[in-house]
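Structure file input.cif; described as mmCIF, C-alpha atoms and all ligand atoms.
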```cif
data_entry
loop_
_atom_site.label_atom_id
_atom_site.label_comp_id
_atom_site.auth_asym_id
_atom_site.auth_seq_id
_atom_site.Cartn_x
_atom_site.Cartn_y
_atom_site.Cartn_z
CA MET A 237 0.00 0.00 0.00
CA ILE A 238 1.33 3.46 -0.89
CA ALA A 239 1.89 5.58 2.22
CA PHE A 240 -1.07 7.84 2.93
CA THR A 241 1.05 10.96 2.68
CA SER A 242 2.53 10.10 -0.74
CA GLN A 243 -0.90 9.13 -2.05
CA LEU A 244 -2.15 12.61 -1.14
CA GLY A 245 1.02 14.55 -1.84
CA ILE A 246 1.18 15.90 1.72
CA GLU A 247 3.98 15.79 4.28
CA HIS A 248 2.21 14.73 7.48
CA PRO A 249 -0.72 12.34 8.10
CA ILE A 250 -2.76 15.00 9.88
CA ILE A 251 -6.14 16.16 8.60
CA GLN A 252 -8.01 19.18 9.90
CA GLY A 253 -11.59 17.93 10.12
CA PRO A 254 -14.12 19.84 8.01
CA PHE A 255 -16.78 21.90 9.81
CA GLY A 256 -20.16 22.43 8.19
CA GLY A 257 -22.64 25.21 8.78
CA GLY A 258 -20.22 28.11 8.35
CA LEU A 259 -17.56 27.18 10.94
CA SER A 260 -14.88 26.24 8.38
CA SER A 261 -12.63 28.95 7.02
CA VAL A 262 -10.26 29.33 4.09
CA LYS A 263 -7.69 30.69 6.54
CA LEU A 264 -7.73 27.57 8.74
CA ALA A 265 -7.74 25.06 5.86
CA ALA A 266 -4.88 26.89 4.12
CA ALA A 267 -2.87 27.16 7.38
CA VAL A 268 -3.07 23.39 7.89
CA SER A 269 -2.30 22.54 4.25
CA ASN A 270 0.58 25.02 4.22
CA ALA A 271 1.96 23.38 7.38
CA GLY A 272 2.09 20.05 5.53
CA GLY A 273 -1.20 18.50 6.72
CA LEU A 274 -4.51 18.37 4.85
CA GLY A 275 -6.80 21.34 5.42
CA SER A 276 -10.54 20.82 4.92
CA PHE A 277 -13.58 22.97 4.25
CA GLY A 278 -17.10 21.80 5.12
CA ALA A 279 -19.33 22.99 2.27
CA HIS A 280 -22.63 21.12 2.72
CA HIS A 281 -24.60 24.30 3.40
CA LEU A 282 -23.16 26.25 0.43
CA THR A 283 -24.79 26.79 -2.94
CA PRO A 284 -22.76 25.63 -5.94
CA THR A 285 -21.81 29.26 -6.66
CA GLN A 286 -20.62 29.80 -3.09
CA MET A 287 -18.64 26.54 -3.30
CA ARG A 288 -16.86 27.77 -6.43
CA GLU A 289 -15.90 30.99 -4.64
CA VAL A 290 -14.53 29.11 -1.61
CA ILE A 291 -12.49 26.73 -3.77
CA ARG A 292 -11.13 29.66 -5.79
CA ASP A 293 -10.10 31.37 -2.51
CA LEU A 294 -8.51 28.16 -1.20
CA LYS A 295 -6.48 27.81 -4.39
CA THR A 296 -5.25 31.36 -3.89
CA ALA A 297 -4.41 30.76 -0.22
CA THR A 298 -2.52 27.50 -0.72
CA ALA A 299 -0.80 25.65 -3.53
CA LYS A 300 -0.97 22.46 -1.43
CA PRO A 301 -3.68 19.76 -1.51
CA PHE A 302 -6.93 20.41 0.39
CA ASN A 303 -10.22 18.62 1.05
CA ILE A 304 -13.79 19.70 0.33
CA ASN A 305 -16.52 17.99 2.36
CA LEU A 306 -20.21 17.48 1.57
CA TRP A 307 -23.20 15.72 3.13
CA VAL A 308 -24.58 13.01 0.82
CA SER A 309 -27.98 13.20 2.50
CA ARG A 310 -29.06 16.81 2.98
CA TYR A 311 -32.60 16.21 4.26
CA ASP A 312 -34.16 13.62 6.54
CA PRO A 313 -37.16 11.82 5.05
CA GLY A 314 -40.22 14.09 5.09
CA ALA A 315 -38.18 17.18 5.94
CA ASP A 316 -37.75 18.70 2.50
CA GLU A 317 -40.45 21.24 3.22
CA MET A 318 -41.88 22.89 6.33
CA THR A 319 -45.58 22.02 6.77
CA ALA A 320 -47.98 23.82 9.13
CA ALA A 321 -47.74 20.77 11.45
CA HIS A 322 -43.94 21.07 11.56
CA HIS A 323 -44.26 24.78 12.30
CA GLU A 324 -46.59 24.15 15.23
CA ALA A 325 -44.33 21.38 16.57
CA GLY A 326 -41.32 23.70 16.33
CA LEU A 327 -43.14 26.45 18.23
CA ARG A 328 -44.09 23.98 20.99
CA GLN A 329 -40.35 23.49 21.62
CA PHE A 330 -39.06 27.01 20.96
CA GLY A 331 -42.06 29.33 21.60
CA ALA A 332 -41.20 30.11 25.24
CA ILE A 333 -37.52 30.65 24.33
CA TYR A 334 -38.41 33.13 21.56
CA GLU A 335 -40.71 34.99 23.93
CA ARG A 336 -38.06 35.23 26.65
CA LEU A 337 -35.47 36.53 24.16
CA GLY A 338 -37.93 38.82 22.38
CA ILE A 339 -37.20 37.24 18.99
CA GLU A 340 -39.41 36.30 16.08
CA ALA A 341 -40.30 32.75 15.11
CA PRO A 342 -38.75 31.76 11.75
CA PRO A 343 -40.98 32.07 8.68
CA MET A 344 -42.07 28.90 6.88
CA GLU A 345 -39.20 29.07 4.39
CA PRO A 346 -39.06 27.09 1.16
CA PRO A 347 -36.34 24.40 1.03
CA ASP A 348 -32.91 25.01 -0.56
CA ASP A 349 -33.03 25.00 -4.32
CA PHE A 350 -29.79 23.07 -4.87
CA SER A 351 -28.95 19.39 -4.59
CA PHE A 352 -25.99 17.26 -3.52
CA GLU A 353 -25.53 16.31 -7.19
CA GLN A 354 -25.21 20.00 -8.16
CA GLN A 355 -22.63 20.47 -5.42
CA VAL A 356 -20.74 17.43 -6.73
CA GLU A 357 -20.59 19.07 -10.18
CA VAL A 358 -18.45 21.79 -8.57
CA ILE A 359 -16.14 19.15 -7.06
CA LEU A 360 -15.75 17.48 -10.46
CA ASP A 361 -15.03 20.79 -12.21
CA SER A 362 -12.64 22.21 -9.64
CA ARG A 363 -10.91 18.97 -8.63
CA PRO A 364 -9.76 19.43 -5.04
CA ALA A 365 -7.18 16.77 -4.05
CA VAL A 366 -9.72 15.15 -1.74
CA PHE A 367 -13.51 15.01 -1.65
CA SER A 368 -14.72 13.72 1.73
CA PHE A 369 -18.33 13.07 2.60
CA VAL A 370 -20.61 12.01 5.43
CA PHE A 371 -24.16 10.65 5.86
CA GLY A 372 -23.98 8.10 3.05
CA ILE A 373 -22.23 6.95 -0.09
CA PRO A 374 -22.47 8.85 -3.40
CA ASP A 375 -23.67 6.97 -6.50
CA ALA A 376 -21.14 4.71 -8.23
CA GLU A 377 -21.09 7.09 -11.21
CA ILE A 378 -19.93 9.97 -8.97
CA LEU A 379 -17.17 7.85 -7.39
CA ARG A 380 -16.03 6.68 -10.85
CA GLU A 381 -15.93 10.24 -12.16
CA CYS A 382 -13.91 11.43 -9.13
CA ASN A 383 -11.47 8.62 -9.78
CA ARG A 384 -11.23 9.51 -13.48
CA ARG A 385 -10.52 13.15 -12.63
CA GLY A 386 -7.91 12.37 -9.97
CA VAL A 387 -10.01 13.42 -6.96
CA LEU A 388 -9.45 11.05 -4.01
CA THR A 389 -12.64 10.15 -2.15
CA ALA A 390 -12.94 9.72 1.63
CA GLY A 391 -16.14 8.27 3.10
CA THR A 392 -17.03 8.38 6.78
CA ALA A 393 -17.99 5.37 8.89
CA THR A 394 -19.39 5.27 12.42
CA THR A 395 -19.44 1.44 12.50
CA GLN A 396 -17.49 -1.44 10.97
CA GLU A 397 -20.59 -2.22 8.88
CA GLU A 398 -20.55 1.27 7.34
CA ALA A 399 -16.81 0.99 6.68
CA ALA A 400 -17.40 -2.29 4.82
CA ALA A 401 -20.12 -0.63 2.72
CA LEU A 402 -17.81 2.27 1.83
CA ASP A 403 -14.97 -0.13 1.00
CA GLU A 404 -17.25 -2.24 -1.19
CA ALA A 405 -18.49 0.89 -3.01
CA GLY A 406 -14.90 1.73 -3.96
CA VAL A 407 -14.14 4.89 -1.97
CA ASP A 408 -10.39 5.53 -1.70
CA MET A 409 -10.09 6.17 2.06
CA ILE A 410 -12.22 5.62 5.13
CA VAL A 411 -12.64 8.03 8.03
CA ALA A 412 -13.48 5.98 11.14
CA THR A 413 -15.20 8.42 13.46
CA GLY A 414 -15.75 7.38 17.06
CA SER A 415 -18.55 8.71 19.22
CA GLU A 416 -16.16 10.96 21.17
CA ALA A 417 -16.05 13.30 18.16
CA GLY A 418 -17.47 16.80 18.03
CA GLY A 419 -20.14 17.59 15.45
CA HIS A 420 -22.77 15.26 13.98
CA ARG A 421 -22.78 11.48 14.15
CA PRO A 422 -22.88 10.88 10.38
CA SER A 423 -24.33 7.35 10.52
CA PHE A 424 -26.14 6.09 7.43
CA LEU A 425 -26.98 2.41 7.88
CA ARG A 426 -28.61 2.49 11.30
CA PRO A 427 -29.86 5.29 13.56
CA ALA A 428 -26.98 7.30 15.02
CA GLU A 429 -28.06 6.30 18.55
CA GLN A 430 -27.25 2.69 17.59
CA SER A 431 -23.90 3.58 16.01
CA LEU A 432 -21.94 4.97 18.95
CA THR A 433 -18.76 2.88 18.83
CA GLY A 434 -15.84 4.77 20.36
CA THR A 435 -12.62 5.49 18.44
CA LEU A 436 -10.57 2.97 20.46
CA ALA A 437 -12.87 0.13 19.39
CA LEU A 438 -13.78 1.39 15.91
CA VAL A 439 -10.38 2.08 14.34
CA PRO A 440 -9.03 -1.51 14.70
CA GLN A 441 -12.38 -2.91 13.53
CA VAL A 442 -12.15 -0.82 10.37
CA ARG A 443 -8.44 -1.70 9.98
CA ASN A 444 -9.45 -5.39 10.07
CA ILE A 445 -11.74 -5.15 7.06
CA THR A 446 -9.88 -2.92 4.60
CA ARG A 447 -6.44 -2.40 3.08
CA LYS A 448 -7.37 1.19 2.19
CA PRO A 449 -6.09 4.10 4.26
CA VAL A 450 -7.99 4.43 7.54
CA ILE A 451 -8.27 7.89 9.09
CA ALA A 452 -9.01 7.96 12.83
CA ALA A 453 -11.33 10.74 14.03
CA GLY A 454 -12.88 11.48 17.40
CA GLY A 455 -11.23 12.30 20.69
CA ILE A 456 -7.80 13.20 19.28
CA ALA A 457 -6.52 16.62 20.33
CA GLU A 458 -2.85 16.13 21.08
CA ILE A 459 0.17 13.85 20.68
CA ARG A 460 -1.00 11.03 22.97
CA GLY A 461 -4.26 10.56 21.09
CA MET A 462 -2.50 10.75 17.73
CA ARG A 463 0.05 8.09 18.74
CA ALA A 464 -2.73 5.85 20.07
CA ALA A 465 -4.57 6.12 16.74
CA PHE A 466 -1.45 5.01 14.82
CA GLN A 467 -1.02 2.11 17.27
CA LEU A 468 -4.59 1.03 16.49
CA GLY A 469 -3.73 0.82 12.80
CA ALA A 470 -4.78 4.24 11.52
CA ASP A 471 -2.83 5.74 8.60
CA ALA A 472 -3.79 9.31 9.51
CA VAL A 473 -5.69 11.29 12.11
CA GLN A 474 -8.53 13.77 11.58
CA ILE A 475 -8.80 16.37 14.30
CA GLY A 476 -11.86 18.60 14.65
CA THR A 477 -12.51 20.29 17.98
CA ALA A 478 -8.86 21.23 18.61
CA PHE A 479 -8.74 23.02 15.23
CA LEU A 480 -12.16 24.61 15.79
CA ALA A 481 -10.65 26.25 18.89
CA CYS A 482 -7.87 27.85 16.83
CA GLU A 483 -8.24 31.53 15.98
CA GLU A 484 -8.16 30.84 12.21
CA SER A 485 -11.48 28.92 12.32
CA ASN A 486 -14.81 30.63 11.77
CA CYS A 487 -16.03 29.65 15.24
CA PRO A 488 -17.97 32.51 16.92
CA PRO A 489 -15.63 33.96 19.61
CA PRO A 490 -17.90 33.10 22.60
CA HIS A 491 -18.03 29.47 21.40
CA ARG A 492 -14.24 29.37 21.03
CA GLU A 493 -13.74 30.81 24.52
CA ALA A 494 -16.20 28.25 25.96
CA LEU A 495 -13.98 25.44 24.61
CA PHE A 496 -11.20 26.64 26.93
CA THR A 497 -13.38 26.64 30.09
CA PRO A 498 -13.90 23.77 32.56
CA SER A 499 -17.49 23.45 31.22
CA ALA A 500 -16.05 21.93 28.02
CA ALA A 501 -15.57 18.71 30.00
CA ARG A 502 -19.33 18.09 29.95
CA THR A 503 -20.64 17.22 26.49
CA GLN A 504 -23.74 15.36 25.38
CA LEU A 505 -25.27 13.95 22.23
CA SER A 506 -28.54 15.59 21.20
CA ARG A 507 -30.88 16.04 18.24
CA ARG A 508 -32.33 19.24 19.68
CA PHE A 509 -30.24 21.82 17.82
CA THR A 510 -30.42 20.46 14.28
CA GLY A 511 -32.60 17.34 14.19
CA ARG A 512 -29.60 15.05 13.66
CA LEU A 513 -27.59 13.64 16.56
CA ALA A 514 -24.53 15.74 17.35
CA ARG A 515 -22.19 16.32 20.29
CA PHE A 516 -22.38 19.65 22.12
CA MET A 517 -21.28 21.12 25.41
CA SER A 518 -24.13 20.74 27.89
CA THR A 519 -25.99 24.01 28.52
CA ALA A 520 -29.18 25.09 30.27
CA LEU A 521 -30.71 25.80 26.83
CA LEU A 522 -29.99 22.26 25.67
CA ASP A 523 -31.48 20.86 28.91
CA GLU A 524 -34.60 22.97 28.38
CA LEU A 525 -35.01 21.66 24.82
CA GLU A 526 -34.30 18.06 25.88
CA ASN A 527 -37.04 18.37 28.49
CA SER A 528 -39.64 19.53 25.94
CA PRO A 529 -42.46 17.00 25.64
CA SER A 530 -42.55 17.74 21.91
CA PRO A 531 -39.98 15.65 19.97
CA ALA A 532 -37.20 17.18 17.86
CA LEU A 533 -38.15 17.75 14.21
CA PRO A 534 -36.17 16.02 11.45
CA PHE A 535 -33.08 17.67 9.92
CA PRO A 536 -32.93 20.46 8.79
CA LEU A 537 -36.30 21.67 10.11
CA GLN A 538 -35.17 21.56 13.75
CA ALA A 539 -32.12 23.65 12.76
CA SER A 540 -34.32 26.35 11.24
CA PHE A 541 -36.11 26.77 14.60
CA ASN A 542 -32.80 26.99 16.43
CA HIS A 543 -31.40 29.46 13.89
CA PRO A 544 -32.90 32.69 15.37
CA VAL A 545 -31.70 31.69 18.86
CA LYS A 546 -28.19 31.07 17.53
CA THR A 547 -28.22 34.37 15.62
CA SER A 548 -29.20 36.20 18.80
CA GLY A 549 -26.34 34.45 20.66
CA VAL A 550 -23.82 35.54 18.02
CA ARG A 551 -25.17 39.10 17.97
CA HIS A 552 -24.99 39.49 21.75
CA GLY A 553 -21.81 37.45 22.23
CA ASP A 554 -23.82 35.12 24.49
CA CYS A 555 -22.49 31.57 24.40
CA SER A 556 -25.45 30.25 26.41
CA LEU A 557 -27.58 30.66 23.25
CA LEU A 558 -25.18 28.89 20.88
CA PRO A 559 -25.01 25.24 19.86
CA LEU A 560 -21.59 24.68 21.43
CA TYR A 561 -20.27 21.86 19.25
CA ALA A 562 -17.42 20.10 21.06
CA GLY A 563 -15.87 16.65 21.22
CA GLN A 564 -14.95 14.79 24.37
CA ALA A 565 -11.28 15.75 23.99
CA ALA A 566 -12.05 19.48 24.41
CA PRO A 567 -10.45 19.66 27.90
CA LEU A 568 -7.14 18.63 26.27
CA ILE A 569 -7.02 21.63 23.91
CA ARG A 570 -4.14 24.04 24.54
CA HIS A 571 -3.35 25.80 21.27
CA ARG A 572 -4.96 28.93 19.87
CA LYS A 573 -3.12 28.91 16.55
CA ALA A 574 -3.31 26.15 13.94
CA SER A 575 0.42 26.50 13.21
CA GLU A 576 1.21 25.79 16.89
CA LEU A 577 -1.07 22.76 17.04
CA MET A 578 0.48 21.46 13.81
CA SER A 579 4.05 22.01 15.11
CA GLU A 580 3.30 20.10 18.30
CA LEU A 581 1.78 17.14 16.41
CA ILE A 582 4.53 17.11 13.77
CA SER A 583 7.21 17.07 16.49
CA ALA A 584 5.95 13.64 17.55
CA LEU A 585 5.98 12.13 14.06
CA SER A 586 9.70 11.74 13.43
C1 LIG B 601 -18.49 22.11 14.69
C2 LIG B 601 -18.19 20.85 13.94
C3 LIG B 601 -18.73 20.70 12.68
C4 LIG B 601 -18.42 19.55 11.92
N1 LIG B 601 -18.94 19.42 10.66
C5 LIG B 601 -18.56 18.36 9.89
C6 LIG B 601 -18.99 18.27 8.53
O1 LIG B 601 -19.74 19.09 8.01
N2 LIG B 601 -18.54 17.20 7.81
C7 LIG B 601 -17.70 16.24 8.35
O2 LIG B 601 -17.29 15.31 7.65
N3 LIG B 601 -17.30 16.31 9.64
C8 LIG B 601 -17.70 17.35 10.41
N4 LIG B 601 -17.27 17.44 11.70
C9 LIG B 601 -16.40 16.38 12.26
C10 LIG B 601 -14.92 16.79 12.18
O3 LIG B 601 -14.53 17.00 10.85
C11 LIG B 601 -14.01 15.71 12.81
O4 LIG B 601 -14.11 14.48 12.17
C12 LIG B 601 -14.34 15.52 14.28
O5 LIG B 601 -14.53 16.76 14.91
C13 LIG B 601 -13.21 14.75 14.97
O6 LIG B 601 -13.45 14.59 16.32
P1 LIG B 601 -12.89 15.62 17.44
O7 LIG B 601 -13.84 16.76 17.44
O8 LIG B 601 -12.97 14.83 18.70
O9 LIG B 601 -11.50 15.99 17.04
C14 LIG B 601 -17.59 18.55 12.47
C15 LIG B 601 -17.06 18.72 13.77
C16 LIG B 601 -17.35 19.85 14.50
C17 LIG B 601 -16.73 20.01 15.87
#
```

Spit out the file's structure as structure tokens when you get a sec.
Amino acid sequence: MIAFTSQLGIEHPIIQGPFGGGLSSVKLAAAVSNAGGLGSFGAHHLTPTQMREVIRDLKTATAKPFNINLWVSRYDPGADEMTAAHHEAGLRQFGAIYERLGIEAPPMEPPDDFSFEQQVEVILDSRPAVFSFVFGIPDAEILRECNRRGVLTAGTATTQEEAAALDEAGVDMIVATGSEAGGHRPSFLRPAEQSLTGTLALVPQVRNITRKPVIAAGGIAEIRGMRAAFQLGADAVQIGTAFLACEESNCPPPHREALFTPSAARTQLSRRFTGRLARFMSTALLDELENSPSPALPFPLQASFNHPVKTSGVRHGDCSLLPLYAGQAAPLIRHRKASELMSELISALS
């Protein structure tokens, strides 16, 4: 097997995990790629035109390889439009919160008018070195076309079963993401609640079933975690929360500061902020939503109800109103600059 780094044309087997929903930045991805790792940009929420602009900016900011990430499934079943019933169910969860904050309920907006396939067109045209994806497997035709155009594909597995499905479909690399990770649980074969294998157990299980590069993600924030991942058979590590905390990311400042407080030690998995299961720091707002007798709406409808609360949090610099995405390794974070985090990790590789 060709070494992971030579296959990608990078110096170090360190990937900055992509962040969707606006938290990625060109500055962060370019800093990591320029330091010899693989920078990533989470683009699932961007229109094809916005994606083209980001990729153009990335190409200006770095001559090194980078990764663009998309979500294969962009809507849960039945959530491609907001019905009156959804609107009422959303208000049952959020009505009292809106009233307390003096903010308006969201309008019944039409769904996005672009598809995953249209986003993939941009990938095929602009040819980033790597196209990574979560929440499923793209059609065989898409994977073939990426291969033909020299774009390496990286699929994401939360279980050994998902890794086998990605391997069988012919993706080039597999990200094995344990349940310690920050962000969404991108399971696609079974409900995320039934796919919570931790990184320590998942990485060797994925190693056992494939000869392709395995990328360990979840709970890695410093040298000890990185070394452990290599011991388990990983070819590379993907680090999210520790890069989110760096000043180059697009993380709202109150969220970033929260990652450096003792409260970052308490995280929980919840569907209440977006409709899909994700790991967040525990907050009174999340408790309040969890205690609502009305269930969370499917993705992305739940997210549209949380949106005005989040916007108010950003506007007032109030982290108690933000979805504080964080992985379980958050208390291990020390660096505020991506270059410093990269230097520390690289120092342990020789
Ligand atoms: C705020 C946030 C957003 C994320 N969004 C995405 C995404 O859109 N696509 C994806 O593949 N991974 C996403 N991830 C996962 C990260 O890329 C990475 O795999 C994960 O954070 C690794 O675990 P760690 O946080 O313990 O380091 C996200 C993680 C966070 C913290």

Would you kindly return, as a count of residues only, each protein, DNA or RNA residue with an atom no farther than 10 Å from any atom of A:Lys295, considering all atoms listed in the file and excluding same-chain residues fewer than 4 positions away? 11

Proximity to ligand LIG 601 (chain B) - best of A:Ala465, A:Val370, A:Leu425, A:Leu537, only C-alpha atoms and all ligand atoms: A:Val370

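Minimum atom-to-atom distances from A:Thr319, A:Ser423, A:Ser269, A:Thr296 to ligand LIG 601 (chain B) were compared using all atoms listed in the file, and the lowest value belongs to A:Ser423.
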
Interatomic distance, atom CA of A:Arg385 to atom CA of A:Leu282 (Å, one decimal): 22.4 Å

Just need the box for stretch 497-512 of chain A, edges along x, y and z, holding every atom the file lists for it with 6 Å tacked onto each side, so centre and edge lengths in Å to one decimal, as AutoDock Vina command-line options.
```
--center_x -23.0 --center_y 20.3 --center_z 23.1 --size_x 31.2 --size_y 24.7 --size_z 30.9
```

Could stretch 283-296 of chain A be completed with N, CA, C and O atoms and returned as a compact mmCIF listing (two decimals), keeping the file's coordinate frame?
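Result file is result-v6.txt:
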```
# COMPACT_ATOMS: atom_id res chain seq x y z
N THR A 283 -24.27 26.97 -1.59
CA THR A 283 -24.79 26.79 -2.94
C THR A 283 -23.60 26.46 -3.85
O THR A 283 -22.45 26.77 -3.50
N PRO A 284 -23.87 25.89 -5.03
CA PRO A 284 -22.76 25.63 -5.94
C PRO A 284 -21.94 26.89 -6.23
O PRO A 284 -20.70 26.83 -6.28
N THR A 285 -22.57 28.02 -6.39
CA THR A 285 -21.81 29.26 -6.66
C THR A 285 -20.92 29.61 -5.48
O THR A 285 -19.74 29.97 -5.66
N GLN A 286 -21.45 29.50 -4.27
CA GLN A 286 -20.62 29.80 -3.09
C GLN A 286 -19.45 28.81 -2.99
O GLN A 286 -18.34 29.18 -2.62
N MET A 287 -19.72 27.54 -3.33
CA MET A 287 -18.64 26.54 -3.30
C MET A 287 -17.51 26.92 -4.25
O MET A 287 -16.34 26.81 -3.92
N ARG A 288 -17.89 27.37 -5.45
CA ARG A 288 -16.86 27.77 -6.43
C ARG A 288 -15.99 28.90 -5.88
O ARG A 288 -14.77 28.91 -6.05
N GLU A 289 -16.65 29.85 -5.19
CA GLU A 289 -15.90 30.99 -4.64
C GLU A 289 -14.91 30.52 -3.56
O GLU A 289 -13.76 30.94 -3.53
N VAL A 290 -15.40 29.61 -2.68
CA VAL A 290 -14.53 29.11 -1.61
C VAL A 290 -13.33 28.36 -2.20
O VAL A 290 -12.18 28.56 -1.78
N ILE A 291 -13.59 27.53 -3.20
CA ILE A 291 -12.49 26.73 -3.77
C ILE A 291 -11.50 27.65 -4.49
O ILE A 291 -10.28 27.46 -4.39
N ARG A 292 -12.02 28.67 -5.15
CA ARG A 292 -11.13 29.66 -5.79
C ARG A 292 -10.25 30.32 -4.71
O ARG A 292 -9.03 30.43 -4.87
N ASP A 293 -10.87 30.71 -3.58
CA ASP A 293 -10.10 31.37 -2.51
C ASP A 293 -9.08 30.41 -1.89
O ASP A 293 -7.97 30.82 -1.55
N LEU A 294 -9.46 29.14 -1.76
CA LEU A 294 -8.51 28.16 -1.20
C LEU A 294 -7.31 28.00 -2.12
O LEU A 294 -6.17 27.92 -1.66
N LYS A 295 -7.59 27.97 -3.44
CA LYS A 295 -6.48 27.81 -4.39
C LYS A 295 -5.55 29.02 -4.36
O LYS A 295 -4.37 28.90 -4.66
N THR A 296 -6.10 30.18 -4.01
CA THR A 296 -5.25 31.36 -3.89
C THR A 296 -4.44 31.29 -2.60
O THR A 296 -3.28 31.70 -2.55
```
